[in-house]
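Shown next: run38.pdb, given as PDB, C-alpha atoms and all ligand atoms.
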```pdb
MODEL        1
ATOM      1  CA  MET I   1     -14.525  36.584  -4.900  1.00  0.00           C
ATOM      2  CA  LEU I   2     -11.211  35.421  -6.402  1.00  0.00           C
ATOM      3  CA  ARG I   3     -10.923  32.812  -3.670  1.00  0.00           C
ATOM      4  CA  HIS I   4     -14.378  31.446  -4.557  1.00  0.00           C
ATOM      5  CA  PHE I   5     -13.444  31.270  -8.215  1.00  0.00           C
ATOM      6  CA  LEU I   6     -10.219  29.395  -7.440  1.00  0.00           C
ATOM      7  CA  LEU I   7     -12.079  26.964  -5.189  1.00  0.00           C
ATOM      8  CA  PHE I   8     -14.601  26.387  -7.968  1.00  0.00           C
ATOM      9  CA  LEU I   9     -11.791  25.620 -10.435  1.00  0.00           C
ATOM     10  CA  LEU I  10     -10.233  23.215  -7.947  1.00  0.00           C
ATOM     11  CA  LYS I  11     -13.573  21.484  -7.477  1.00  0.00           C
ATOM     12  CA  ILE I  12     -14.074  20.896 -11.162  1.00  0.00           C
ATOM     13  CA  ASN I  13     -10.427  19.854 -11.467  1.00  0.00           C
ATOM     14  CA  LYS I  14      -9.626  22.672 -13.876  1.00  0.00           C
ATOM     15  CA  PHE I  15      -7.183  24.536 -11.675  1.00  0.00           C
ATOM     16  CA  PRO I  16      -4.314  25.214 -14.054  1.00  0.00           C
ATOM     17  CA  TYR I  17      -1.493  24.917 -11.550  1.00  0.00           C
ATOM     18  CA  LYS I  18       0.214  21.872 -10.220  1.00  0.00           C
ATOM     19  CA  LEU I  19      -0.220  20.974  -6.595  1.00  0.00           C
ATOM     20  CA  ALA I  20       2.941  21.217  -4.532  1.00  0.00           C
ATOM     21  CA  LEU I  21       2.565  18.386  -2.084  1.00  0.00           C
ATOM     22  CA  ASN I  22       4.299  17.953   1.249  1.00  0.00           C
ATOM     23  CA  LEU I  23       5.865  14.523   1.081  1.00  0.00           C
ATOM     24  CA  CYS I  24       7.037  12.223   3.826  1.00  0.00           C
ATOM     25  CA  VAL I  25       9.413   9.457   2.740  1.00  0.00           C
ATOM     26  CA  LEU I  26       9.646   6.319   4.864  1.00  0.00           C
ATOM     27  CA  ALA I  27      12.725   4.240   4.110  1.00  0.00           C
ATOM     28  CA  SER I  28      14.771   1.536   5.790  1.00  0.00           C
ATOM     29  CA  GLY I  29      17.617   0.960   3.358  1.00  0.00           C
ATOM     30  CA  SER I  30      20.096   2.791   1.193  1.00  0.00           C
ATOM     31  CA  GLY I  31      17.656   5.561   0.292  1.00  0.00           C
ATOM     32  CA  THR I  32      18.482   5.896  -3.392  1.00  0.00           C
ATOM     33  CA  ASN I  33      14.811   6.471  -4.241  1.00  0.00           C
ATOM     34  CA  LEU I  34      14.754   9.359  -1.767  1.00  0.00           C
ATOM     35  CA  LYS I  35      17.820  10.790  -3.552  1.00  0.00           C
ATOM     36  CA  ALA I  36      16.073  10.430  -6.913  1.00  0.00           C
ATOM     37  CA  ILE I  37      13.000  12.276  -5.595  1.00  0.00           C
ATOM     38  CA  LEU I  38      15.167  15.079  -4.184  1.00  0.00           C
ATOM     39  CA  ASN I  39      17.046  15.342  -7.489  1.00  0.00           C
ATOM     40  CA  ALA I  40      13.769  15.525  -9.388  1.00  0.00           C
ATOM     41  CA  ALA I  41      12.695  18.375  -7.095  1.00  0.00           C
ATOM     42  CA  LYS I  42      16.024  20.199  -7.600  1.00  0.00           C
ATOM     43  CA  GLN I  43      15.651  19.831 -11.365  1.00  0.00           C
ATOM     44  CA  ARG I  44      12.049  21.081 -11.061  1.00  0.00           C
ATOM     45  CA  LYS I  45      10.676  17.879 -12.548  1.00  0.00           C
ATOM     46  CA  ILE I  46       8.320  17.824  -9.578  1.00  0.00           C
ATOM     47  CA  SER I  47       6.940  20.725  -7.524  1.00  0.00           C
ATOM     48  CA  SER I  48       6.443  18.810  -4.308  1.00  0.00           C
ATOM     49  CA  LYS I  49       8.748  18.981  -1.338  1.00  0.00           C
ATOM     50  CA  VAL I  50      10.065  16.260   0.935  1.00  0.00           C
ATOM     51  CA  VAL I  51       9.299  17.730   4.346  1.00  0.00           C
ATOM     52  CA  LEU I  52       9.950  14.683   6.472  1.00  0.00           C
ATOM     53  CA  VAL I  53      12.025  11.498   6.319  1.00  0.00           C
ATOM     54  CA  ILE I  54      11.538   8.662   8.765  1.00  0.00           C
ATOM     55  CA  SER I  55      13.529   5.471   9.000  1.00  0.00           C
ATOM     56  CA  ASN I  56      13.273   2.535  11.349  1.00  0.00           C
ATOM     57  CA  ASN I  57      16.957   1.823  10.676  1.00  0.00           C
ATOM     58  CA  SER I  58      19.440   4.196  12.306  1.00  0.00           C
ATOM     59  CA  LYS I  59      22.038   3.302   9.661  1.00  0.00           C
ATOM     60  CA  SER I  60      19.764   3.965   6.712  1.00  0.00           C
ATOM     61  CA  GLY I  61      21.292   5.936   3.850  1.00  0.00           C
ATOM     62  CA  ALA I  62      17.981   7.799   3.709  1.00  0.00           C
ATOM     63  CA  LEU I  63      18.709   9.465   7.069  1.00  0.00           C
ATOM     64  CA  LYS I  64      22.159  10.558   5.851  1.00  0.00           C
ATOM     65  CA  THR I  65      20.669  11.957   2.638  1.00  0.00           C
ATOM     66  CA  ALA I  66      18.000  13.773   4.642  1.00  0.00           C
ATOM     67  CA  SER I  67      20.509  15.444   6.937  1.00  0.00           C
ATOM     68  CA  LYS I  68      22.759  16.399   3.993  1.00  0.00           C
ATOM     69  CA  ASN I  69      19.739  18.103   2.435  1.00  0.00           C
ATOM     70  CA  LYS I  70      18.605  19.671   5.735  1.00  0.00           C
ATOM     71  CA  ILE I  71      15.337  17.769   5.755  1.00  0.00           C
ATOM     72  CA  THR I  72      13.767  16.982   9.109  1.00  0.00           C
ATOM     73  CA  SER I  73      14.374  13.314   9.757  1.00  0.00           C
ATOM     74  CA  PHE I  74      13.885  10.799  12.530  1.00  0.00           C
ATOM     75  CA  HIS I  75      15.075   7.353  13.358  1.00  0.00           C
ATOM     76  CA  LEU I  76      11.909   5.853  14.769  1.00  0.00           C
ATOM     77  CA  SER I  77      11.488   2.200  15.390  1.00  0.00           C
ATOM     78  CA  GLN I  78       8.778   0.383  17.208  1.00  0.00           C
ATOM     79  CA  LYS I  79      11.352  -0.881  19.700  1.00  0.00           C
ATOM     80  CA  GLN I  80      11.603   2.650  21.140  1.00  0.00           C
ATOM     81  CA  PHE I  81       7.924   2.587  22.111  1.00  0.00           C
ATOM     82  CA  ASN I  82       5.891   0.623  24.611  1.00  0.00           C
ATOM     83  CA  SER I  83       3.291  -0.382  22.084  1.00  0.00           C
ATOM     84  CA  GLU I  84       2.350  -0.289  18.403  1.00  0.00           C
ATOM     85  CA  GLU I  85      -0.290   2.323  19.340  1.00  0.00           C
ATOM     86  CA  GLU I  86       2.319   4.695  20.802  1.00  0.00           C
ATOM     87  CA  PHE I  87       4.515   4.246  17.740  1.00  0.00           C
ATOM     88  CA  THR I  88       1.547   4.940  15.460  1.00  0.00           C
ATOM     89  CA  SER I  89       0.508   8.056  17.352  1.00  0.00           C
ATOM     90  CA  LYS I  90       4.073   9.408  17.211  1.00  0.00           C
ATOM     91  CA  LEU I  91       4.073   8.935  13.432  1.00  0.00           C
ATOM     92  CA  LEU I  92       0.623  10.501  13.084  1.00  0.00           C
ATOM     93  CA  SER I  93       1.620  13.510  15.177  1.00  0.00           C
ATOM     94  CA  LEU I  94       4.721  14.056  13.012  1.00  0.00           C
ATOM     95  CA  PHE I  95       2.648  13.809   9.833  1.00  0.00           C
ATOM     96  CA  LYS I  96       0.304  16.411  11.269  1.00  0.00           C
ATOM     97  CA  LYS I  97       3.056  18.724  12.510  1.00  0.00           C
ATOM     98  CA  HIS I  98       4.770  18.717   9.130  1.00  0.00           C
ATOM     99  CA  LYS I  99       1.483  19.008   7.207  1.00  0.00           C
ATOM    100  CA  VAL I 100       2.191  15.832   5.245  1.00  0.00           C
ATOM    101  CA  ASP I 101      -0.087  15.387   2.209  1.00  0.00           C
ATOM    102  CA  MET I 102       1.345  12.118   0.919  1.00  0.00           C
ATOM    103  CA  ILE I 103       3.426   9.310   2.355  1.00  0.00           C
ATOM    104  CA  LEU I 104       5.930   7.609   0.066  1.00  0.00           C
ATOM    105  CA  LEU I 105       7.316   4.236   1.041  1.00  0.00           C
ATOM    106  CA  ALA I 106      10.737   3.580  -0.428  1.00  0.00           C
ATOM    107  CA  GLY I 107      12.059   0.304   0.867  1.00  0.00           C
ATOM    108  CA  TYR I 108      10.305   0.722   4.234  1.00  0.00           C
ATOM    109  CA  MET I 109      10.563  -2.660   5.902  1.00  0.00           C
ATOM    110  CA  LYS I 110       7.631  -2.332   8.260  1.00  0.00           C
ATOM    111  CA  MET I 111       3.925  -2.698   7.640  1.00  0.00           C
ATOM    112  CA  LEU I 112       2.079   0.531   8.410  1.00  0.00           C
ATOM    113  CA  SER I 113      -0.611   0.281  11.051  1.00  0.00           C
ATOM    114  CA  PRO I 114      -4.231   0.136   9.839  1.00  0.00           C
ATOM    115  CA  GLN I 115      -4.826   3.441  11.628  1.00  0.00           C
ATOM    116  CA  ILE I 116      -2.252   5.231   9.441  1.00  0.00           C
ATOM    117  CA  ILE I 117      -3.570   3.542   6.306  1.00  0.00           C
ATOM    118  CA  ARG I 118      -7.126   4.645   7.174  1.00  0.00           C
ATOM    119  CA  LYS I 119      -6.093   8.196   7.976  1.00  0.00           C
ATOM    120  CA  PHE I 120      -4.065   8.521   4.754  1.00  0.00           C
ATOM    121  CA  ARG I 121      -6.307   6.364   2.561  1.00  0.00           C
ATOM    122  CA  ASN I 122      -5.266   6.816  -1.100  1.00  0.00           C
ATOM    123  CA  ARG I 123      -2.445   9.096  -0.029  1.00  0.00           C
ATOM    124  CA  ILE I 124       0.204   6.426   0.603  1.00  0.00           C
ATOM    125  CA  ILE I 125       2.179   4.953  -2.264  1.00  0.00           C
ATOM    126  CA  ASN I 126       4.982   2.411  -2.476  1.00  0.00           C
ATOM    127  CA  ILE I 127       7.542   1.429  -5.068  1.00  0.00           C
ATOM    128  CA  HIS I 128       8.071  -2.260  -5.721  1.00  0.00           C
ATOM    129  CA  PRO I 129      10.928  -3.688  -7.807  1.00  0.00           C
ATOM    130  CA  ALA I 130       8.813  -5.940 -10.066  1.00  0.00           C
ATOM    131  CA  LEU I 131       5.696  -5.843 -12.179  1.00  0.00           C
ATOM    132  CA  LEU I 132       2.946  -6.421  -9.632  1.00  0.00           C
ATOM    133  CA  PRO I 133       0.889  -8.482  -9.054  1.00  0.00           C
ATOM    134  CA  ALA I 134       3.737 -10.811 -10.069  1.00  0.00           C
ATOM    135  CA  PHE I 135       6.569 -11.223  -7.579  1.00  0.00           C
ATOM    136  CA  GLY I 136       4.832  -9.373  -4.759  1.00  0.00           C
ATOM    137  CA  GLY I 137       3.471 -10.190  -1.318  1.00  0.00           C
ATOM    138  CA  LYS I 138       5.034 -11.262   1.932  1.00  0.00           C
ATOM    139  CA  GLY I 139       8.722 -12.135   1.692  1.00  0.00           C
ATOM    140  CA  MET I 140       9.028 -10.474  -1.700  1.00  0.00           C
ATOM    141  CA  TYR I 141      11.421  -7.669  -0.878  1.00  0.00           C
ATOM    142  CA  GLY I 142      14.971  -6.717  -1.728  1.00  0.00           C
ATOM    143  CA  ILE I 143      17.084  -9.226  -3.573  1.00  0.00           C
ATOM    144  CA  ASN I 144      14.451 -11.987  -3.030  1.00  0.00           C
ATOM    145  CA  VAL I 145      12.306 -10.364  -5.702  1.00  0.00           C
ATOM    146  CA  HIS I 146      15.033 -10.475  -8.342  1.00  0.00           C
ATOM    147  CA  GLU I 147      16.023 -14.017  -7.415  1.00  0.00           C
ATOM    148  CA  ALA I 148      12.400 -15.108  -7.849  1.00  0.00           C
ATOM    149  CA  VAL I 149      12.230 -13.324 -11.216  1.00  0.00           C
ATOM    150  CA  LEU I 150      15.357 -15.148 -12.437  1.00  0.00           C
ATOM    151  CA  LYS I 151      14.110 -18.458 -11.066  1.00  0.00           C
ATOM    152  CA  ALA I 152      10.814 -18.073 -12.923  1.00  0.00           C
ATOM    153  CA  GLY I 153      12.684 -17.359 -16.157  1.00  0.00           C
ATOM    154  CA  VAL I 154      10.509 -14.409 -17.165  1.00  0.00           C
ATOM    155  CA  LYS I 155      12.017 -12.215 -19.852  1.00  0.00           C
ATOM    156  CA  THR I 156      10.628  -8.945 -18.552  1.00  0.00           C
ATOM    157  CA  THR I 157      10.470  -7.540 -15.060  1.00  0.00           C
ATOM    158  CA  GLY I 158      10.070  -3.925 -13.986  1.00  0.00           C
ATOM    159  CA  ALA I 159       8.995  -1.513 -11.312  1.00  0.00           C
ATOM    160  CA  THR I 160       5.567  -0.632  -9.955  1.00  0.00           C
ATOM    161  CA  VAL I 161       4.263   2.343  -8.022  1.00  0.00           C
ATOM    162  CA  HIS I 162       1.070   1.399  -6.237  1.00  0.00           C
ATOM    163  CA  PHE I 163      -1.287   2.574  -3.520  1.00  0.00           C
ATOM    164  CA  VAL I 164      -0.773   1.052  -0.109  1.00  0.00           C
ATOM    165  CA  ASP I 165      -3.636  -0.689   1.612  1.00  0.00           C
ATOM    166  CA  GLU I 166      -3.849  -3.199   4.455  1.00  0.00           C
ATOM    167  CA  VAL I 167      -2.383  -6.066   2.399  1.00  0.00           C
ATOM    168  CA  TYR I 168       1.245  -6.307   1.182  1.00  0.00           C
ATOM    169  CA  ASP I 169       1.714  -5.094  -2.400  1.00  0.00           C
ATOM    170  CA  ASN I 170      -2.018  -5.220  -2.990  1.00  0.00           C
ATOM    171  CA  GLY I 171      -3.177  -1.628  -3.568  1.00  0.00           C
ATOM    172  CA  ALA I 172      -4.193  -0.312  -6.972  1.00  0.00           C
ATOM    173  CA  ILE I 173      -1.351   0.113  -9.445  1.00  0.00           C
ATOM    174  CA  VAL I 174      -0.551   3.726 -10.339  1.00  0.00           C
ATOM    175  CA  ILE I 175       2.198   3.213 -12.944  1.00  0.00           C
ATOM    176  CA  GLN I 176       4.565   0.503 -14.071  1.00  0.00           C
ATOM    177  CA  LYS I 177       7.609   0.356 -16.297  1.00  0.00           C
ATOM    178  CA  GLU I 178       9.107  -2.749 -17.847  1.00  0.00           C
ATOM    179  CA  VAL I 179      12.776  -3.673 -17.537  1.00  0.00           C
ATOM    180  CA  PRO I 180      14.305  -6.474 -19.637  1.00  0.00           C
ATOM    181  CA  VAL I 181      15.835  -9.531 -18.023  1.00  0.00           C
ATOM    182  CA  LYS I 182      19.046 -10.161 -19.951  1.00  0.00           C
ATOM    183  CA  PRO I 183      20.916 -13.403 -20.514  1.00  0.00           C
ATOM    184  CA  GLY I 184      23.741 -13.624 -18.005  1.00  0.00           C
ATOM    185  CA  ASP I 185      21.889 -11.551 -15.383  1.00  0.00           C
ATOM    186  CA  ASP I 186      22.355 -12.392 -11.754  1.00  0.00           C
ATOM    187  CA  ALA I 187      20.042 -10.989  -9.090  1.00  0.00           C
ATOM    188  CA  GLU I 188      22.396  -8.117  -8.288  1.00  0.00           C
ATOM    189  CA  LYS I 189      22.755  -7.009 -11.917  1.00  0.00           C
ATOM    190  CA  LEU I 190      19.014  -7.130 -12.313  1.00  0.00           C
ATOM    191  CA  ARG I 191      18.428  -5.238  -9.045  1.00  0.00           C
ATOM    192  CA  LYS I 192      20.652  -2.396 -10.248  1.00  0.00           C
ATOM    193  CA  ARG I 193      18.924  -2.203 -13.638  1.00  0.00           C
ATOM    194  CA  VAL I 194      15.466  -2.153 -12.048  1.00  0.00           C
ATOM    195  CA  LEU I 195      16.586   0.446  -9.499  1.00  0.00           C
ATOM    196  CA  ARG I 196      17.632   2.842 -12.283  1.00  0.00           C
ATOM    197  CA  THR I 197      14.098   2.583 -13.656  1.00  0.00           C
ATOM    198  CA  GLU I 198      12.616   3.092 -10.170  1.00  0.00           C
ATOM    199  CA  HIS I 199      14.518   6.362  -9.890  1.00  0.00           C
ATOM    200  CA  ARG I 200      12.694   7.724 -12.935  1.00  0.00           C
ATOM    201  CA  LEU I 201       9.354   6.125 -12.154  1.00  0.00           C
ATOM    202  CA  TYR I 202       8.824   7.448  -8.607  1.00  0.00           C
ATOM    203  CA  PRO I 203       9.149  11.134  -9.602  1.00  0.00           C
ATOM    204  CA  GLN I 204       6.850  10.461 -12.586  1.00  0.00           C
ATOM    205  CA  ALA I 205       4.232   9.071 -10.219  1.00  0.00           C
ATOM    206  CA  ILE I 206       4.534  12.086  -7.915  1.00  0.00           C
ATOM    207  CA  ARG I 207       4.031  14.351 -10.897  1.00  0.00           C
ATOM    208  CA  LEU I 208       0.822  12.560 -11.837  1.00  0.00           C
ATOM    209  CA  PHE I 209      -0.544  13.319  -8.370  1.00  0.00           C
ATOM    210  CA  GLU I 210       0.602  16.937  -8.581  1.00  0.00           C
ATOM    211  CA  GLU I 211      -1.220  17.282 -11.883  1.00  0.00           C
ATOM    212  CA  LYS I 212      -4.310  15.640 -10.372  1.00  0.00           C
ATOM    213  CA  LYS I 213      -4.274  13.043 -13.124  1.00  0.00           C
ATOM    214  CA  VAL I 214      -4.781  10.047 -10.848  1.00  0.00           C
ATOM    215  CA  SER I 215      -8.282   8.827 -10.131  1.00  0.00           C
ATOM    216  CA  LEU I 216      -9.501   5.631  -8.562  1.00  0.00           C
ATOM    217  CA  ARG I 217     -12.573   3.650  -9.570  1.00  0.00           C
ATOM    218  CA  ASN I 218     -13.340   0.137  -8.316  1.00  0.00           C
ATOM    219  CA  ASN I 219      -9.809  -0.111  -6.931  1.00  0.00           C
ATOM    220  CA  LYS I 220      -8.305   0.604 -10.345  1.00  0.00           C
ATOM    221  CA  VAL I 221      -6.273   3.665 -11.199  1.00  0.00           C
ATOM    222  CA  PHE I 222      -7.151   5.756 -14.225  1.00  0.00           C
ATOM    223  CA  ILE I 223      -4.620   8.263 -15.477  1.00  0.00           C
ATOM    224  CA  ARG I 224      -6.153  11.277 -17.108  1.00  0.00           C
ATOM    225  CA  THR I 225      -4.437  11.936 -20.420  1.00  0.00           C
ATOM    226  CA  PRO I 226      -4.545  15.317 -22.174  1.00  0.00           C
ATOM    227  CA  LYS I 227      -7.323  15.560 -24.758  1.00  0.00           C
TER
HETATM  228  C1  LIG U 301      13.771  -0.505  -3.939  1.00  0.00           C
HETATM  229  O1  LIG U 301      14.174  -1.525  -4.802  1.00  0.00           O
HETATM  230  C2  LIG U 301      12.277  -0.504  -3.799  1.00  0.00           C
HETATM  231  O2  LIG U 301      11.617  -0.928  -4.941  1.00  0.00           O
HETATM  232  C3  LIG U 301      12.048  -1.485  -2.698  1.00  0.00           C
HETATM  233  O3  LIG U 301      13.105  -1.270  -1.806  1.00  0.00           O
HETATM  234  C4  LIG U 301      14.230  -0.741  -2.519  1.00  0.00           C
HETATM  235  C5  LIG U 301      14.635   0.515  -1.829  1.00  0.00           C
HETATM  236  O4  LIG U 301      15.817   1.026  -2.376  1.00  0.00           O
HETATM  237  N1  LIG U 301      10.741  -1.347  -2.110  1.00  0.00           N
HETATM  238  P1  LIG U 301      16.433   2.391  -1.883  1.00  0.00           P
HETATM  239  O5  LIG U 301      16.562   2.306  -0.367  1.00  0.00           O
HETATM  240  O6  LIG U 301      15.538   3.491  -2.309  1.00  0.00           O
HETATM  241  O7  LIG U 301      17.793   2.465  -2.526  1.00  0.00           O
ENDMDL
END
```
Go ahead and render the structure in this file as structure tokens.
Amino acid sequence: MLRHFLLFLLKINKFPYKLALNLCVLASGSGTNLKAILNAAKQRKISSKVVLVISNNSKSGALKTASKNKITSFHLSQKQFNSEEEFTSKLLSLFKKHKVDMILLAGYMKMLSPQIIRKFRNRIINIHPALLPAFGGKGMYGINVHEAVLKAGVKTTGATVHFVDEVYDNGAIVIQKEVPVKPGDDAEKLRKRVLRTEHRLYPQAIRLFEEKKVSLRNNKVFIRTPK
């Protein structure tokens, strides 16, 4: 009886509790966003748990952070497999084994296979160090993004959390936060300033999913605000 009532509440989106999601973080670089997510969990700003970390770079800071925090982690790169299909099925089997609800890309320098994107449709998000759709797409990663921002002379840049689909930096935007471009900035200064904003933004995005505030209509995200 109680179970039926709870299921009913869930269905009508009135369940009063936050969802605690099992997160998998995919990262290739220093892994500071992973650290920020883990800190947010420690400070109970989010209820979700990072259950799995995967990197295609054996030297990634994300793998070190994962092992320090006793999180299951793997260095998995396509080079270790005979084909893209084998690599994909290894990833899918790990997601299944660890009951992954959402995949978070944090500087993951490899396009996910269409099979993974299909299987986790609307459950994969990425953080990008600019205000998409500006300064996104192929080649727009790492320091390149900030160099392009400075070259264009825009006065405001920022960070974007967006859904991942089959096209680079194309999925619906979940949340964004502006960051000023200051006179005298070089790409490195700007990268660091944007990164500090990313570290707050990614946990905020996770929280929106936990609170079931994110809905998608016509490839646009709507955030439910309290009445
Ligand atoms: C971040 O700037 C993120 O926006 C981009 O890659 C970088 C990853 O940084 N996609 P880190 O590895 O989390 O420090």
If the PyMOL selection byres (((not hetatm)) within 6 of (chain U and resi 301)) is run on the structure shown, which residues does it catch, given as a ChimeraX atom specification?
-> /I:29-34,106-107,127-129,142,195
Find the residues around region 199-216 of chain I up to 10 Å (only C-alpha atoms counted), leave out those fewer than 5 positions away in its own chain, and share them as a PyMOL selection string.
-> chain I and resi 10+13-21+23+32-41+45-48+102+104+106+122-123+125-127+159-162+172-177+194+221-226
Return the single residue from I:Thr88, I:Ser28, I:Lys96, I:Ala130 that is closest to Lys59 (chain I), with distances computed using only C-alpha atoms.
->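 Going through I:Thr88, I:Ser28, I:Lys96, I:Ala130 one by one, the smallest distance to Lys59 (chain I) is for I:Ser28.
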Smallest atom-to-atom distance to Leu112 (chain I): which of I:Val50, I:Ala187, I:Leu131, I:Leu91, using all atoms listed in the file?
->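 Once distances to Leu112 (chain I) are computed over all atoms listed in the file, the minimum belongs to I:Leu91.
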List as a list in words: which residues have an atom within 9 Å of (4.7, 17.6, 6.4), counting all atoms listed in the file?
->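 Collected hits near the coordinates: Leu21, Asn22, Leu23, Cys24, Lys49, Val50, Val51, Leu52, Leu94, Phe95, Lys96, Lys97, His98, Lys99, Val100, Asp101 and Met102 of chain I.
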What would the file look like if the residues just selected were written as a compact mmCIF listing (two decimals), in the coordinates of the input with C-alpha atoms?
```txt
# COMPACT_ATOMS: atom_id res chain seq x y z
CA LEU I 21 2.56 18.39 -2.08
CA ASN I 22 4.30 17.95 1.25
CA LEU I 23 5.86 14.52 1.08
CA CYS I 24 7.04 12.22 3.83
CA LYS I 49 8.75 18.98 -1.34
CA VAL I 50 10.06 16.26 0.94
CA VAL I 51 9.30 17.73 4.35
CA LEU I 52 9.95 14.68 6.47
CA LEU I 94 4.72 14.06 13.01
CA PHE I 95 2.65 13.81 9.83
CA LYS I 96 0.30 16.41 11.27
CA LYS I 97 3.06 18.72 12.51
CA HIS I 98 4.77 18.72 9.13
CA LYS I 99 1.48 19.01 7.21
CA VAL I 100 2.19 15.83 5.24
CA ASP I 101 -0.09 15.39 2.21
CA MET I 102 1.34 12.12 0.92
```
Atoms added to region 190-201 of chain I (N, CA and C atoms), reported as a PDB file, keeping the file's coordinate frame:
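rebuild02.pdb was written with the following content:
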```pdb
ATOM      1  N   LEU I 190      20.415  -7.450 -12.028  1.00  0.00           N
ATOM      2  CA  LEU I 190      19.014  -7.130 -12.313  1.00  0.00           C
ATOM      3  C   LEU I 190      18.491  -6.067 -11.337  1.00  0.00           C
ATOM      4  N   ARG I 191      18.869  -6.209 -10.069  1.00  0.00           N
ATOM      5  CA  ARG I 191      18.428  -5.238  -9.045  1.00  0.00           C
ATOM      6  C   ARG I 191      18.866  -3.826  -9.447  1.00  0.00           C
ATOM      7  N   LYS I 192      20.124  -3.726  -9.889  1.00  0.00           N
ATOM      8  CA  LYS I 192      20.652  -2.396 -10.248  1.00  0.00           C
ATOM      9  C   LYS I 192      19.915  -1.818 -11.454  1.00  0.00           C
ATOM     10  N   ARG I 193      19.621  -2.692 -12.440  1.00  0.00           N
ATOM     11  CA  ARG I 193      18.924  -2.203 -13.638  1.00  0.00           C
ATOM     12  C   ARG I 193      17.514  -1.737 -13.277  1.00  0.00           C
ATOM     13  N   VAL I 194      16.838  -2.522 -12.447  1.00  0.00           N
ATOM     14  CA  VAL I 194      15.466  -2.153 -12.048  1.00  0.00           C
ATOM     15  C   VAL I 194      15.499  -0.859 -11.229  1.00  0.00           C
ATOM     16  N   LEU I 195      16.497  -0.741 -10.361  1.00  0.00           N
ATOM     17  CA  LEU I 195      16.586   0.446  -9.499  1.00  0.00           C
ATOM     18  C   LEU I 195      16.723   1.726 -10.325  1.00  0.00           C
ATOM     19  N   ARG I 196      17.490   1.642 -11.424  1.00  0.00           N
ATOM     20  CA  ARG I 196      17.632   2.842 -12.283  1.00  0.00           C
ATOM     21  C   ARG I 196      16.268   3.259 -12.835  1.00  0.00           C
ATOM     22  N   THR I 197      15.451   2.282 -13.160  1.00  0.00           N
ATOM     23  CA  THR I 197      14.098   2.583 -13.656  1.00  0.00           C
ATOM     24  C   THR I 197      13.231   3.147 -12.527  1.00  0.00           C
ATOM     25  N   GLU I 198      13.377   2.577 -11.318  1.00  0.00           N
ATOM     26  CA  GLU I 198      12.616   3.092 -10.170  1.00  0.00           C
ATOM     27  C   GLU I 198      12.868   4.588  -9.976  1.00  0.00           C
ATOM     28  N   HIS I 199      14.145   4.967 -10.145  1.00  0.00           N
ATOM     29  CA  HIS I 199      14.518   6.362  -9.890  1.00  0.00           C
ATOM     30  C   HIS I 199      13.829   7.338 -10.843  1.00  0.00           C
ATOM     31  N   ARG I 200      13.444   6.851 -12.013  1.00  0.00           N
ATOM     32  CA  ARG I 200      12.694   7.724 -12.935  1.00  0.00           C
ATOM     33  C   ARG I 200      11.199   7.613 -12.662  1.00  0.00           C
ATOM     34  N   LEU I 201      10.794   6.394 -12.294  1.00  0.00           N
ATOM     35  CA  LEU I 201       9.354   6.125 -12.154  1.00  0.00           C
ATOM     36  C   LEU I 201       8.719   6.841 -10.940  1.00  0.00           C
TER      37      LEU I 201
END
```
